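Everything on this sheet refers to the single structure shown next.
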Amino acid sequence: MMRTPLARCGVAAAALSLVLCAPAPVRAATAPVPGTAEATGAELVARRAAVAAARARDDRATAAGTGTPEASTPAPPEGTGAPGAVGPRPRTTADAHTAAGGSDLVFRSCPAVEELPPPVLCATLRVPLDYARPDGPQISLGVSRIPASGHGGAARQGALVYNPGGPGASGMSFPLVAGLPEWKRIGAAYDLVGYAPRGVGRSAPLSCEDPAARGRGPTQDPRTPSPAYKRERVAAARAYARGCARRSGAALPYVTTLDNVRDLYVLRAALGEPKLTFMGASYGTYLGAVYATLYPGHVGRMVLDSAVNPDPRRIWYLNNLDQAAGFERRWYDFRAWVARHHAAYRLGATPAAVQASYVRVRDAVARAPAGGVVGTGELRAAFLQAAYYDDVWPQRAAALSAFLAGDPGPLVEQARPEPESAAAQENARAVYTAVLCNDAAWPADWETWDRDNTELARRAPFETWANAFLNLPCAYWPVRERQQPVAVGARPAGLPRTLIVAAERDGATPYAGALELQRRLGSGAALVTEKGAGTHGVAGGRNDCVDRHVERYILTGDTSGWRVTCAPHPEPAPVSLDDRAARTPGKVPGVVLPPVV
């Protein structure tokens with residue numbers, strides 16, 4: 001649902017529409033109610049993983065002389081298995097691995113390709129491609145971890161699993177936050193666990209086109225798409241959907257939110273945790289909310305940051321309508337900030353004047369791409385980041401100012417395509433597209449898309465058409481049967497307290513989604529709102545007030561009230577590209593958590 005703000009996380013976005021019509025068939029039988037083949041398969045695999053994790057823990061305790069298998073092995077968590085599905089308990093770690101179908105986790109030094117230094121350790125989780133066939137073809141998911149430090153005598157509370165969103169982003173780098181002061185107390189009590197969801201990175205990677213076809217510039221997006229340009233994009237969307245079927249093959253239908261939730265359920269068991277403590281950002285909030293709905297008895301603590309609206313009627317086509325207005329609002333916020341700092345940037349003293357300066361740059365790169373590589377498409381993509389993160393406002397404003405003063409260098413540096421990351425971007429877009437297209441029905445006729453986005457672009461021109469064209473492959477998706485979205489919060493009575501955090505002016509996940517998520521999760525769900533702010537991804541080092549609430553909840557379970565507000569984090573200072581003093585010593589610039597999508 002979200003476009004990745006940083007190149008390392010790939011590309012993601014959403015189409016926007018007003019009316020849902022001519023939907024693709026919905027696979028109602030795949031709704032994960034008890035008794036479905038997929039649900040039963042997930043329970044079986046999780047039970048096996050729990051047995052393997054317990055046996056591995058016993059072996060480590062025995063080797064350390066701290067216990068015996070009989071004394072230290074707990075019974076499998078209640079409700080995690082199908083009766084009669086598992087035979088005698090394995091007696092060794094190797095036997096456990098066999099009994100679990102490879103679902104136990106053996107942590108070792110990370111492969112060089114992950115670029116994760118010690119003390120981060122990595123493991124591989126084996127899960128079924130299709131949970132209706134738990135003993136059928138298996139895929140491998142990458143997992144990373146730094147064990148709880150126990151600093152200050154803190155008792156270990158379990159594992160904290162993080163998902164950065166997307167869909168299509170990897171959380172493998174998450175454990176690195178253990179070295180940051182903002183995470184010291186949490187890292188003392190929890191193992192910090194990241195993972196690459198199915199299809200992402202090295203986790204059975206998905207692909208829809210040759211990466212060599214990406215990362216090249218310039219591209220030119222017309223301000224108002226003509227009928228001819230629209231026909232080109234329809235043809236491109238059809239070709240992209242065909243490419244997904246050709247390059248991803250039999251795996252394509254199984255890259256869904258429901259399959260990701262089942263993977264998370266198995267990961268919890270493989271970690272030896274009876275309940276999942278989880279932090280999800282952006283799309284990760286929807287993943288967590290669906291997990292909480294399906295497995296309320298296996299939820300420990302859950303932080304949902306920058307919430308997707310989980311109303312099943314809005315997954316995903318209608319839900320993304322809100323992004324157009326949200327991005328337009330944040331585009332205005334950026335221009336208003338630049339106008340307040342006209343003395344520094346000379347781009348105009350009003351938001352309208354700043355818009356005129358941007359249009360001058362846009363028209364210039366339409367005529368002659370900056371550096372030969374930055375056209376209007378690259379320009380828009382670079383400035384979309386300003387609608388996500390206010391961290392980049394000074395750099396983007398300085399780049400516009402320098403360009404209009406005759407120096408295109410800063411703009412080229414910030415907006416140029418990055419061929420070195422083309423493969424990662426292609427993979428991220430493929431996973432994003434597969435999840436959203438598989439998850440729910442989309443309009444199957446171009447006329448609906450054209451009508452809705454034409455109307456929408458009159459009110460929110462900044463990102464409407466780019467989102468629509470990026471998601472258009474869903475209209476021609478080769479998987480005939482789509483999933484039926486889960487009714488999030490259908491069983492809130494059994495759910496422990498959860499914590500939602502949101503920025504009031506978030507463009508990617510508008511604030512109404514946080515309110516809807518809180519309503520659906522019931523009276524145990526608390527909401528912390530960053531008033532007057534709009535940066536996507538609130539927790540993790542940007543706002544001390546929000547971080548205090550998050551830390552207290554993760555460590556104690558205290559949600560400090562049903563609805564709590566925090567003042568906005570400080571706006572960035574109007575510094576030039578060369579002002580290195582803008583970075584406060586000892587602080588990591590930008591987002592402390594891995595970028596959310």
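Order determines the names: the first chain of the structure tokens is A, the second B, and so forth; residues in each chain are numbered 1 upward, and ligands are numbered 1 upward as they are shown.
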
TODO: Run DSSP on the backbone and give me the residues of region 418-473 of chain A it puts in helix (DSSP H, G or I), as a VMD selection string.
DONE: chain A and resid 419 to 439 446 to 459 464 to 473

Open item on the list: Give me the residues near Ala430 (chain A) as a PyMOL selection string, where near means some atom within 6 Å (using only C-alpha atoms) and where sequence neighbours in that chain fewer than 3 positions away do not count.
Closed with: chain A and resi 207-208+427+433

Wanna dump the region 119-182 of chain A-region 236-250 of chain A contacts at 12 Å for me, each residue with its shortest atom pair and the distance in Å to one decimal, counting only C-alpha atoms, ordered by chain and number, as JSON lines?
```
{"residue": "A:Leu129", "atom": "CA", "partner": "A:Ala250", "partner_atom": "CA", "distance": 9.3}
{"residue": "A:Asp130", "atom": "CA", "partner": "A:Ala250", "partner_atom": "CA", "distance": 10.1}
{"residue": "A:Pro137", "atom": "CA", "partner": "A:Ala250", "partner_atom": "CA", "distance": 10.6}
```

Task: Which of A:Asp221, A:Asp363, A:Asp390, A:Asp305 sits closest to Tyr511 (chain A) [using only C-alpha atoms] - done: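 That would be A:Asp305, the residue with the smallest distance to Tyr511 (chain A).
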
Open item on the list: Can you tell me which residues surround region 123-126 of chain A at a distance of at most 9 Å, considering only C-alpha atoms, apart from same-chain residues fewer than 3 positions away, and format the answer as an MDAnalysis selection string?
Closed with: chainID A and resid 100:110 138:145 203 266:267 270

N, CA and C atoms of the current selection, written as a PDB file, in the first residue's frame:
```pdb
ATOM      1  N   ALA A 100      10.118 -31.389  12.496  1.00  0.00           N
ATOM      2  CA  ALA A 100       9.488 -30.096  12.248  1.00  0.00           C
ATOM      3  C   ALA A 100       9.436 -29.745  10.793  1.00  0.00           C
ATOM      4  N   GLY A 101       9.933 -30.627   9.933  1.00  0.00           N
ATOM      5  CA  GLY A 101       9.977 -30.261   8.530  1.00  0.00           C
ATOM      6  C   GLY A 101      10.922 -29.111   8.296  1.00  0.00           C
ATOM      7  N   GLY A 102      11.955 -28.963   9.145  1.00  0.00           N
ATOM      8  CA  GLY A 102      12.913 -27.873   8.978  1.00  0.00           C
ATOM      9  C   GLY A 102      12.478 -26.593   9.632  1.00  0.00           C
ATOM     10  N   SER A 103      11.464 -26.615  10.540  1.00  0.00           N
ATOM     11  CA  SER A 103      10.913 -25.383  11.084  1.00  0.00           C
ATOM     12  C   SER A 103      11.619 -24.878  12.326  1.00  0.00           C
ATOM     13  N   ASP A 104      12.659 -25.586  12.817  1.00  0.00           N
ATOM     14  CA  ASP A 104      13.394 -25.035  13.937  1.00  0.00           C
ATOM     15  C   ASP A 104      14.404 -24.021  13.416  1.00  0.00           C
ATOM     16  N   LEU A 105      14.931 -23.218  14.306  1.00  0.00           N
ATOM     17  CA  LEU A 105      15.839 -22.137  13.918  1.00  0.00           C
ATOM     18  C   LEU A 105      17.208 -22.396  14.510  1.00  0.00           C
ATOM     19  N   VAL A 106      18.212 -22.439  13.666  1.00  0.00           N
ATOM     20  CA  VAL A 106      19.596 -22.587  14.092  1.00  0.00           C
ATOM     21  C   VAL A 106      20.317 -21.309  13.692  1.00  0.00           C
ATOM     22  N   PHE A 107      20.662 -20.489  14.700  1.00  0.00           N
ATOM     23  CA  PHE A 107      21.255 -19.186  14.419  1.00  0.00           C
ATOM     24  C   PHE A 107      22.772 -19.299  14.313  1.00  0.00           C
ATOM     25  N   ARG A 108      23.291 -18.715  13.235  1.00  0.00           N
ATOM     26  CA  ARG A 108      24.718 -18.686  12.960  1.00  0.00           C
ATOM     27  C   ARG A 108      25.085 -17.301  12.447  1.00  0.00           C
ATOM     28  N   SER A 109      26.368 -17.114  12.140  1.00  0.00           N
ATOM     29  CA  SER A 109      26.796 -15.864  11.508  1.00  0.00           C
ATOM     30  C   SER A 109      26.012 -15.644  10.225  1.00  0.00           C
ATOM     31  N   CYS A 110      25.675 -14.402   9.956  1.00  0.00           N
ATOM     32  CA  CYS A 110      24.834 -14.094   8.793  1.00  0.00           C
ATOM     33  C   CYS A 110      25.630 -14.219   7.491  1.00  0.00           C
ATOM     34  N   GLN A 138       8.326 -26.803   0.246  1.00  0.00           N
ATOM     35  CA  GLN A 138       8.699 -25.877   1.316  1.00  0.00           C
ATOM     36  C   GLN A 138       9.502 -24.706   0.738  1.00  0.00           C
ATOM     37  N   ILE A 139       9.440 -23.560   1.417  1.00  0.00           N
ATOM     38  CA  ILE A 139      10.267 -22.412   1.075  1.00  0.00           C
ATOM     39  C   ILE A 139      11.029 -21.976   2.321  1.00  0.00           C
ATOM     40  N   SER A 140      12.103 -21.231   2.127  1.00  0.00           N
ATOM     41  CA  SER A 140      12.962 -20.796   3.230  1.00  0.00           C
ATOM     42  C   SER A 140      12.833 -19.300   3.440  1.00  0.00           C
ATOM     43  N   LEU A 141      12.636 -18.899   4.692  1.00  0.00           N
ATOM     44  CA  LEU A 141      12.549 -17.491   5.057  1.00  0.00           C
ATOM     45  C   LEU A 141      13.762 -17.113   5.902  1.00  0.00           C
ATOM     46  N   GLY A 142      14.376 -15.974   5.588  1.00  0.00           N
ATOM     47  CA  GLY A 142      15.496 -15.494   6.378  1.00  0.00           C
ATOM     48  C   GLY A 142      15.037 -14.857   7.679  1.00  0.00           C
ATOM     49  N   VAL A 143      15.750 -15.140   8.769  1.00  0.00           N
ATOM     50  CA  VAL A 143      15.443 -14.597  10.089  1.00  0.00           C
ATOM     51  C   VAL A 143      16.739 -14.073  10.688  1.00  0.00           C
ATOM     52  N   SER A 144      16.675 -12.945  11.381  1.00  0.00           N
ATOM     53  CA  SER A 144      17.850 -12.371  12.038  1.00  0.00           C
ATOM     54  C   SER A 144      17.527 -12.094  13.502  1.00  0.00           C
ATOM     55  N   ARG A 145      18.568 -12.074  14.340  1.00  0.00           N
ATOM     56  CA  ARG A 145      18.304 -11.896  15.770  1.00  0.00           C
ATOM     57  C   ARG A 145      19.554 -11.396  16.503  1.00  0.00           C
ATOM     58  N   SER A 203      14.248 -14.783   0.675  1.00  0.00           N
ATOM     59  CA  SER A 203      13.154 -15.652   1.144  1.00  0.00           C
ATOM     60  C   SER A 203      12.270 -16.055  -0.031  1.00  0.00           C
ATOM     61  N   VAL A 266       4.040 -19.451  12.573  1.00  0.00           N
ATOM     62  CA  VAL A 266       5.057 -20.499  12.658  1.00  0.00           C
ATOM     63  C   VAL A 266       6.361 -19.937  13.208  1.00  0.00           C
ATOM     64  N   LEU A 267       6.739 -18.723  12.801  1.00  0.00           N
ATOM     65  CA  LEU A 267       7.951 -18.102  13.325  1.00  0.00           C
ATOM     66  C   LEU A 267       7.872 -17.957  14.838  1.00  0.00           C
ATOM     67  N   ALA A 270       8.539 -21.328  16.271  1.00  0.00           N
ATOM     68  CA  ALA A 270       9.929 -21.735  16.076  1.00  0.00           C
ATOM     69  C   ALA A 270      10.869 -20.984  17.006  1.00  0.00           C
TER      70      ALA A 270
END
```

- [ ] From the DSSP assignment of the backbone, select every residue of region 275-493 of chain A that is strand (DSSP E), and format the answer as a list of chain:residue names.
- [x]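 Restricting region 275-493 of chain A to strand (DSSP E) produces A:Leu276, A:Thr277, A:Phe278, A:Met279, A:Gly280, A:Ala281, A:Val299, A:Gly300, A:Arg301, A:Met302, A:Val303, A:Leu304, A:Asp305, A:Arg482, A:Gln483.
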
Take the selection from the previous step and output its residues with C-alpha atoms, as a short mmCIF file (atom, residue, chain, number, x, y, z; two decimals), in the first residue's frame.
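Result file is result_38.cif:
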```cif
data_model
loop_
_atom_site.label_atom_id
_atom_site.label_comp_id
_atom_site.auth_asym_id
_atom_site.auth_seq_id
_atom_site.Cartn_x
_atom_site.Cartn_y
_atom_site.Cartn_z
CA LEU A 276 3.93 -13.22 19.80
CA THR A 277 5.33 -9.85 20.81
CA PHE A 278 5.26 -7.85 17.61
CA MET A 279 5.93 -4.41 16.20
CA GLY A 280 4.60 -3.65 12.73
CA ALA A 281 4.77 -0.45 10.73
CA VAL A 299 -0.69 -12.44 21.16
CA GLY A 300 1.62 -11.05 23.81
CA ARG A 301 2.23 -7.35 23.19
CA MET A 302 1.64 -5.68 19.86
CA VAL A 303 2.67 -2.20 18.66
CA LEU A 304 1.02 -1.07 15.41
CA ASP A 305 2.70 2.04 13.99
CA ARG A 482 -8.58 -13.67 -4.99
CA GLN A 483 -8.52 -13.95 -1.22
#
```

Task: One-decimal distance in Å that lies between CA of Ala42 (chain A) and CA of Asp135 (chain A) - done: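 We find that CA of Asp135 (chain A) and CA of Ala42 (chain A) lie 10.9 Å from each other.
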
Set the distance at 6 Å and use only C-alpha atoms: which residues neighbour region 307-319 of chain A once local chain neighbours fewer than 3 positions away are removed? I'd like the list as a PDB file with N, CA, C and O atoms, in the first residue's frame.
```pdb
ATOM      1  N   SER A  17      -9.279   4.841  -6.064  1.00  0.00           N
ATOM      2  CA  SER A  17     -10.532   4.794  -6.801  1.00  0.00           C
ATOM      3  C   SER A  17     -11.701   5.166  -5.916  1.00  0.00           C
ATOM      4  O   SER A  17     -11.601   5.189  -4.706  1.00  0.00           O
ATOM      5  N   SER A 282       3.209   0.479   9.119  1.00  0.00           N
ATOM      6  CA  SER A 282       2.564   0.629   7.822  1.00  0.00           C
ATOM      7  C   SER A 282       1.804  -0.650   7.466  1.00  0.00           C
ATOM      8  O   SER A 282       0.925  -1.069   8.218  1.00  0.00           O
ATOM      9  N   THR A 285       1.150  -3.125  10.144  1.00  0.00           N
ATOM     10  CA  THR A 285       0.037  -3.014  11.083  1.00  0.00           C
ATOM     11  C   THR A 285      -1.136  -3.882  10.647  1.00  0.00           C
ATOM     12  O   THR A 285      -1.833  -4.467  11.484  1.00  0.00           O
ATOM     13  N   TYR A 286      -1.357  -3.977   9.345  1.00  0.00           N
ATOM     14  CA  TYR A 286      -2.431  -4.837   8.840  1.00  0.00           C
ATOM     15  C   TYR A 286      -2.067  -6.299   9.073  1.00  0.00           C
ATOM     16  O   TYR A 286      -2.910  -7.101   9.504  1.00  0.00           O
ATOM     17  N   PRO A 485     -10.746 -10.716   2.240  1.00  0.00           N
ATOM     18  CA  PRO A 485     -10.123 -10.039   3.389  1.00  0.00           C
ATOM     19  C   PRO A 485     -10.743 -10.462   4.714  1.00  0.00           C
ATOM     20  O   PRO A 485     -11.953 -10.684   4.819  1.00  0.00           O
ATOM     21  N   ALA A 487     -12.104 -10.142   8.451  1.00  0.00           N
ATOM     22  CA  ALA A 487     -12.828  -9.138   9.239  1.00  0.00           C
ATOM     23  C   ALA A 487     -12.029  -8.876  10.516  1.00  0.00           C
ATOM     24  O   ALA A 487     -12.238  -9.514  11.551  1.00  0.00           O
ATOM     25  N   THR A 509      -0.683   6.511   5.395  1.00  0.00           N
ATOM     26  CA  THR A 509      -1.737   5.809   6.146  1.00  0.00           C
ATOM     27  C   THR A 509      -2.524   6.863   6.912  1.00  0.00           C
ATOM     28  O   THR A 509      -2.213   7.175   8.068  1.00  0.00           O
ATOM     29  N   GLY A 513      -7.516   5.621   9.505  1.00  0.00           N
ATOM     30  CA  GLY A 513      -7.228   4.197   9.608  1.00  0.00           C
ATOM     31  C   GLY A 513      -6.872   3.780  11.024  1.00  0.00           C
ATOM     32  O   GLY A 513      -7.231   2.686  11.473  1.00  0.00           O
ATOM     33  N   ALA A 514      -6.153   4.638  11.752  1.00  0.00           N
ATOM     34  CA  ALA A 514      -5.820   4.334  13.149  1.00  0.00           C
ATOM     35  C   ALA A 514      -7.079   4.290  14.002  1.00  0.00           C
ATOM     36  O   ALA A 514      -7.222   3.428  14.883  1.00  0.00           O
TER      37      ALA A 514
END
```
